[in-house]
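J.: Structure in structure tokens, see below.
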Amino acid sequence: MKLSAVLALSALLNLPLVCAERTREERLAHDALLRWMDEIAQKELQERENAIAEIHSVAAAEQRKQLVRRKMTEILGGLPDYQGPLNVRATGQIQADGYTIEKIIYESLPGFFVTANVYRPNRPGRYPAVLLQSGHTQEGKSEPQALAANLALKGFVALAFDPVGQGEREQSYDPQLQAPAAGWSVNEHMHAGEQSLLVGESVARYFIWDAKRSLDYLISRPDVDGTRVGAAGCSGGGALTTFMGALDPRLKAVIPACFPTSYRLLFAGSDPDSEMAWPHFIAAGLDTADFVELSAPTPWLLQATEEDYFTPAGVKLVYEEARRWYRLYGAEEKIGFFTGPGPHGSPLASREAIYQWMIRWLQNGRGDFHEQPVKLYINHDLQVTPSGRVENEPGSRKLYQFILDVLRTKRQKGTTAELQAELQRLKIPTDGSAPSVTVLEERQGRELRHEHINFESEPGIEIEGHLYIPLAPGKKRAVLMLESKRADSLAERIAESGHVVLTLEPRDSPGENDHRPYLGNWQTNDRADQIGRNLPAMRAHDILRGLDLLEARTDVERGSIRAVAQGVPGIWLLLAAASDVRIAKIWLDRTPYSLQEAMENTINTDLFDALIPGFLLHWDLDDLMNAMGDRRVLWTDPTNWMRRVVWLGPRFRYRYVLGDMTDLAETQDYQYAKELTKK
């Protein structure tokens with residue numbers, strides 16, 4: 001099956017794209033932007049490795065730990081400042097053969113309900129415990145039940161809970177769909193992730209907080225010995241286990257699986273989702289090994305599977321570095337590496353390695369690590385709430401509401417001068433020099449010459465474009481258009497009226513777009529952020545390099561350039577116009593009108609393509625318009641973040657009919673184009 005067909009089928013069925021995975025080498029071979037970003041990432045990772053290589057003592061290691069902990073706290077935005085009660089309620093139990101499953105619900109934050117199952121031995125006593133983080137299954141807590149049941153049979157208390165967006169904690173459930181409108185659990189993580197970035201935080205803080213509060217509950221139980229507690233998880237659960245192992249010293253044995261991979265291989269490989277990939281991580285001088293090293297000499301067993309897209313080679317890089325680190329502490333036996341058979345997941349061999357590691361470090365090595373057959377329960381059997389959805393619990397709140405609270409608490413209005421400084425920091429402005437241009441193809445009609453070109457936006461970044469050039473002599477006004485469905489036909493009509501027109505598509509990695517519902521090309525945006533760059537800002541820079549190209553032409557009248565964009569790219573154009581006074585006027589069509597509006601629901605469309613971390617704490621799109629001063633903005637059919645046109649008053653313009661196939665809509669398009677180009 002072709003990759004495109006697999007992507008389409010995965011989107012239709014809301015399936016994770018395991019079957020569509022390409023190797024890192026395949027990704028790099030077909031994607032110039034990804035290669036360019038990977039070169040930056042590898043340079044930053046090498047600088048980190050050089051710093052690590054200079055650490056030769058426990059004292060130096062402890063000093064590095066302080067630096068790493070400070071950076072991680074800053075990246076997360078800290079953890080929630082809440083010490084209130086968990087308000088634990090038991091809603092039922094299952095009597096199994098040799099163990100009991102308790103159904104419980106508690107609040108990690110006020111109104112933020114966590115549903116969980118506790119697996120405990122039937123005999124009385126005080127036991128070691130294991131916190132189990134679920135992978136990215138829609139069912140959540142039922143995923144690790146074979147592991148949890150066997151731990152209970154081996155004399156452990158195990159707790160498995162639903163992460164946000166999974167199990168009974170879906171955030172976008174639609175009663176008409178009778179399913180999450182976002183598609184599936186990971187998509188919900190991504191929507192919350194982009195909202196968190198807008199307020200300068202990582203959504204991982206909420207996942208970690210749920211796990212810490214779950215650990216609070218587990219340790220509070222009378223049948224748990226709080227000095228002997230471990231954690232394990234696979235995939236998304238492996239990521240959360242990694243973070244918890246680094247940040248919570250109460251854990252005495254840590255086993256992350258199918259995640260703990262060095263960004264040396266992970267960066268251009270299978271990009272993890274929002275709560276798994278921390279913002280600015282590589283640019284901050286960090287790699288995955290820092291999580292392991294932060295908790296040294298706590299015992300860690302790093303797990304991989306032979307056919308995983310989180311490759312064993314990437315996990316081994318983390319292991320080899322961490323092993324050297326543990327050697328400094330005289331604790332090399334406390335770091336392990338295990339590779340199980342098969343694809344992404346926790347096969348029997350991996351589960352038995354977990355039992356063996358937990359028995360070794362939490363039960364003084366006494367016990368049998370072989371797995372026993374247990375009854376597996378369907379998700380409905382393990383359900384904690386009557387409806388199967390925590391949103392129906394009195395006082396329940398959704399994750400986006402907590403993120404919105406952060407915005408309201410932290411927001412401080414920035415000035416126009418501060419905004420201009422931010423645009424400079426984002427490297428949007430250019431030096432005004434003419435870019436080198438290559439004509440790829442040329443054809444000439446009776447009135448126009450059409451040139452298919454590319455030009456260099458910055459070293460290593462080539463942008464494709466099309467020039468429509470009237471044959472009439474003399475200087476002409478110019479229009480820059482961002483590519484859209486109708487850009488070419490409209491560009492020709494504008495050129496026929498006597499304007500030089502440049503259409504261009506700013507940098508992108510279209511092959512990295514997995515076409516999940518509503519999200520856009522989140523992977524490319526995330527990778528740019530990892531290396532300390534911002535994709536919307538880079539695209540705004542590309543627009544200004546197109547402006548430099550037009551300004552350098554001898555047939556273009558200086559100070560005459562207008563620009564057009566449709567949809568979310570209109571925000572890139574706003575960034576460019578606020579940064580450079582040479583853009584005399586802009587036309588935005590069907591562009592979202594506010595970033596604030598994106599904070600007020602669980603789902604947004606293509607928000608990743610517009611977000612700048614922390615931007616909304618100080619500015620919104622109105623501020624970019626104000627930074628343009630007296631230059632005009634023609635804004636037609638403004639939308640919300642679900643692409644629906646909304647009425648916002650007479651400052652905006654509205655079509656009589658929306659629909660690109662109607663003569664009326666086309667007529668209005670050209671009328672707006674004439675309004676844009678007139679003096």
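Naming works like this for the structure tokens: A, B, ... for the chains as they're shown, residue 1 at the start of each chain, ligands 1 onward in shown order.
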So that I can check the surroundings of Ala313 in chain A, please list as a PyMOL selection string every protein, DNA and RNA residue that reaches within 10 Å of it, counting only C-alpha atoms and ignoring chain neighbours fewer than 4 positions away.

T.: chain A and resi 261-262+265+304+306+317-319

J.: Give me the residues within 7 Å of range 187-202 of chain A as a list of chain:residue names, counting only C-alpha atoms and dropping any in the same chain fewer than 5 places off.

T.: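 What passes the distance filter is A:Ile75, A:Leu76, A:Gly77, A:Gly165, A:Gln171, A:Ala182, A:Asp273, A:Ser274, A:Glu275, A:Trp278, A:Pro279, A:Tyr400, A:Ile403, A:Leu407, A:Met599, A:Thr602, A:Ile603, A:Asn604, A:Leu607, A:Phe608, A:Leu611, A:Ile612, A:Pro613, A:Gly614, A:Phe615, A:Leu616, A:Leu617.
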
J.: Can you tell me which residues surround Gln46 in chain A at a distance of at most 12 Å, considering only C-alpha atoms, apart from same-chain residues fewer than 3 positions away, and format the answer as a ChimeraX atom specification?

T.: /A:38-43,49-53,262-264,282-283,285-287

J.: Quick one: everything within 6 Å of range 223-238 of chain A, counting only C-alpha atoms, minus sequence neighbours fewer than 2 positions away in the same chain. Send it as an NGL selection string.

T.: :A and (125-136 or 219 or 221 or 240-241 or 251-259 or 362)

J.: Keeping N, CA, C and O atoms for every residue in the selection just given, could you write it to a file as a short mmCIF file (atom, residue, chain, number, x, y, z; two decimals), in the first residue's frame?

T.:
data_model
loop_
_atom_site.label_atom_id
_atom_site.label_comp_id
_atom_site.auth_asym_id
_atom_site.auth_seq_id
_atom_site.Cartn_x
_atom_site.Cartn_y
_atom_site.Cartn_z
N GLY A 125 -1.57 -6.88 54.30
CA GLY A 125 -0.15 -6.61 54.43
C GLY A 125 0.19 -5.23 53.91
O GLY A 125 -0.69 -4.45 53.52
N ARG A 126 1.46 -4.91 53.95
CA ARG A 126 1.97 -3.62 53.45
C ARG A 126 2.97 -3.94 52.34
O ARG A 126 3.98 -4.61 52.57
N TYR A 127 2.71 -3.43 51.14
CA TYR A 127 3.43 -3.90 49.96
C TYR A 127 4.17 -2.77 49.25
O TYR A 127 3.79 -1.59 49.36
N PRO A 128 5.18 -3.13 48.46
CA PRO A 128 5.73 -2.14 47.52
C PRO A 128 4.68 -1.85 46.46
O PRO A 128 3.71 -2.60 46.30
N ALA A 129 4.87 -0.74 45.73
CA ALA A 129 3.84 -0.31 44.77
C ALA A 129 4.48 0.12 43.46
O ALA A 129 5.66 0.51 43.42
N VAL A 130 3.68 0.07 42.41
CA VAL A 130 4.13 0.50 41.09
C VAL A 130 3.06 1.39 40.47
O VAL A 130 1.88 1.01 40.40
N LEU A 131 3.47 2.57 40.03
CA LEU A 131 2.60 3.49 39.30
C LEU A 131 2.74 3.18 37.82
O LEU A 131 3.84 3.24 37.26
N LEU A 132 1.62 2.85 37.17
CA LEU A 132 1.64 2.47 35.75
C LEU A 132 1.04 3.58 34.91
O LEU A 132 -0.12 3.97 35.10
N GLN A 133 1.86 4.09 33.97
CA GLN A 133 1.38 5.10 33.02
C GLN A 133 0.91 4.41 31.74
O GLN A 133 1.62 3.60 31.16
N SER A 134 -0.28 4.74 31.29
CA SER A 134 -0.86 4.10 30.11
C SER A 134 -0.27 4.68 28.83
O SER A 134 0.03 5.88 28.75
N GLY A 135 -0.14 3.83 27.81
CA GLY A 135 0.25 4.30 26.50
C GLY A 135 -0.93 4.95 25.79
O GLY A 135 -2.01 5.12 26.35
N HIS A 136 -0.73 5.30 24.53
CA HIS A 136 -1.73 6.06 23.80
C HIS A 136 -2.82 5.16 23.20
O HIS A 136 -3.04 5.13 21.99
N ILE A 219 0.84 6.32 47.67
CA ILE A 219 1.67 6.28 48.88
C ILE A 219 0.83 6.45 50.15
O ILE A 219 1.18 5.95 51.22
N ARG A 221 -1.98 5.10 50.79
CA ARG A 221 -2.76 3.90 51.11
C ARG A 221 -2.10 3.12 52.25
O ARG A 221 -0.87 2.97 52.30
N LEU A 240 5.90 9.57 30.03
CA LEU A 240 5.52 10.09 31.34
C LEU A 240 6.32 9.42 32.45
O LEU A 240 6.70 10.07 33.44
N THR A 241 6.61 8.13 32.31
CA THR A 241 7.46 7.44 33.29
C THR A 241 8.86 8.06 33.31
O THR A 241 9.46 8.25 34.37
N LEU A 251 10.27 7.87 43.64
CA LEU A 251 10.35 6.65 42.84
C LEU A 251 11.72 6.01 43.03
O LEU A 251 12.75 6.65 42.85
N LYS A 252 11.71 4.72 43.34
CA LYS A 252 12.95 4.00 43.63
C LYS A 252 13.31 2.98 42.55
O LYS A 252 14.34 2.31 42.66
N ALA A 253 12.47 2.84 41.52
CA ALA A 253 12.77 2.00 40.36
C ALA A 253 11.94 2.51 39.20
O ALA A 253 10.73 2.73 39.35
N VAL A 254 12.57 2.71 38.04
CA VAL A 254 11.92 3.38 36.92
C VAL A 254 12.15 2.56 35.65
O VAL A 254 13.29 2.21 35.33
N ILE A 255 11.04 2.27 34.91
CA ILE A 255 11.16 1.47 33.68
C ILE A 255 10.33 2.12 32.57
O ILE A 255 9.13 1.83 32.41
N PRO A 256 10.94 3.00 31.78
CA PRO A 256 10.24 3.52 30.60
C PRO A 256 10.50 2.63 29.38
O PRO A 256 11.62 2.17 29.16
N ALA A 257 9.46 2.39 28.59
CA ALA A 257 9.59 1.54 27.40
C ALA A 257 9.09 2.27 26.16
O ALA A 257 8.19 3.10 26.24
N CYS A 258 9.69 1.93 25.02
CA CYS A 258 9.23 2.43 23.72
C CYS A 258 9.12 3.95 23.69
O CYS A 258 8.15 4.50 23.18
N PHE A 259 10.09 4.62 24.27
CA PHE A 259 10.19 6.07 24.17
C PHE A 259 11.59 6.61 24.40
O PHE A 259 12.02 7.47 23.63
N LEU A 362 12.67 -3.52 44.57
CA LEU A 362 11.62 -3.17 45.52
C LEU A 362 11.23 -4.32 46.44
O LEU A 362 10.52 -4.10 47.43
#

J.: Which polymer residues have any atom within 12 Å of an atom of Thr23 in chain A, counting only C-alpha atoms, with same-chain residues fewer than 2 positions away left out, as a ChimeraX atom specification?

T.: /A:18-21,25-30,265-271,307-311

J.: Suppose you want the space between CA of Pro638 in chain A and CA of Asp589 in chain A; what is it in Å?

T.: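 If I compute the distance from CA of Pro638 in chain A to CA of Asp589 in chain A, I get 6.8 Å.
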
J.: Between CA of Leu549 in chain A and CA of Trp36 in chain A, what is the distance in Å, rounded to a tenth?

T.: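 Distance between the two atoms: 22.3 Å.
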
J.: Can you pull out every residue within 12 Å of Arg366 in chain A, counting only C-alpha atoms, but drop anything in the same chain fewer than 4 positions away, and send it as an NGL selection string?

T.: :A and (154-155 or 355-362)

J.: Go ahead and dump the residues you just picked, N, CA and C atoms, as a PDB file, in the first residue's frame.

T.:
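The resulting file, selection16.pdb, is shown below:
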ATOM      1  N   LYS A 154       2.251 -10.858  42.447  1.00  0.00           N
ATOM      2  CA  LYS A 154       3.633 -10.987  42.912  1.00  0.00           C
ATOM      3  C   LYS A 154       3.905 -10.163  44.171  1.00  0.00           C
ATOM      4  N   GLY A 155       2.824  -9.586  44.748  1.00  0.00           N
ATOM      5  CA  GLY A 155       2.986  -8.886  46.011  1.00  0.00           C
ATOM      6  C   GLY A 155       3.227  -7.397  45.897  1.00  0.00           C
ATOM      7  N   TYR A 355       8.884  -7.219  35.753  1.00  0.00           N
ATOM      8  CA  TYR A 355       8.698  -7.916  37.028  1.00  0.00           C
ATOM      9  C   TYR A 355      10.055  -8.178  37.692  1.00  0.00           C
ATOM     10  N   GLN A 356      11.001  -8.614  36.896  1.00  0.00           N
ATOM     11  CA  GLN A 356      12.316  -8.965  37.444  1.00  0.00           C
ATOM     12  C   GLN A 356      13.004  -7.740  38.041  1.00  0.00           C
ATOM     13  N   TRP A 357      12.920  -6.594  37.340  1.00  0.00           N
ATOM     14  CA  TRP A 357      13.568  -5.367  37.827  1.00  0.00           C
ATOM     15  C   TRP A 357      12.880  -4.866  39.098  1.00  0.00           C
ATOM     16  N   MET A 358      11.557  -4.872  39.121  1.00  0.00           N
ATOM     17  CA  MET A 358      10.835  -4.407  40.302  1.00  0.00           C
ATOM     18  C   MET A 358      11.087  -5.335  41.499  1.00  0.00           C
ATOM     19  N   ILE A 359      11.105  -6.632  41.257  1.00  0.00           N
ATOM     20  CA  ILE A 359      11.398  -7.579  42.345  1.00  0.00           C
ATOM     21  C   ILE A 359      12.809  -7.346  42.876  1.00  0.00           C
ATOM     22  N   ARG A 360      13.727  -7.100  41.976  1.00  0.00           N
ATOM     23  CA  ARG A 360      15.123  -6.894  42.393  1.00  0.00           C
ATOM     24  C   ARG A 360      15.273  -5.676  43.287  1.00  0.00           C
ATOM     25  N   TRP A 361      14.652  -4.554  42.903  1.00  0.00           N
ATOM     26  CA  TRP A 361      14.922  -3.299  43.612  1.00  0.00           C
ATOM     27  C   TRP A 361      13.867  -2.938  44.660  1.00  0.00           C
ATOM     28  N   LEU A 362      12.673  -3.517  44.569  1.00  0.00           N
ATOM     29  CA  LEU A 362      11.622  -3.165  45.523  1.00  0.00           C
ATOM     30  C   LEU A 362      11.228  -4.318  46.445  1.00  0.00           C
TER      31      LEU A 362
END

J.: If I take CA of Ala59 in chain A and CA of Ala322 in chain A, how far is one from the other in Å, to one decimal?

T.: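 Interatomic distance, CA of Ala59 in chain A to CA of Ala322 in chain A: 16.1 Å.
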
J.: Near Leu448 in chain A, counting only C-alpha atoms, which residues have an atom at most 12 Å away, once you skip same-chain residues fewer than 5 positions from it, shown as a PyMOL selection string?

T.: chain A and resi 442-443+467-473+491-501

J.: As a PyMOL selection string, which residues of range 399-571 of chain A does DSSP assign to alpha helix (DSSP H)?

T.: chain A and resi 399-410+416-425+487-496+522-530+535-552+569-571
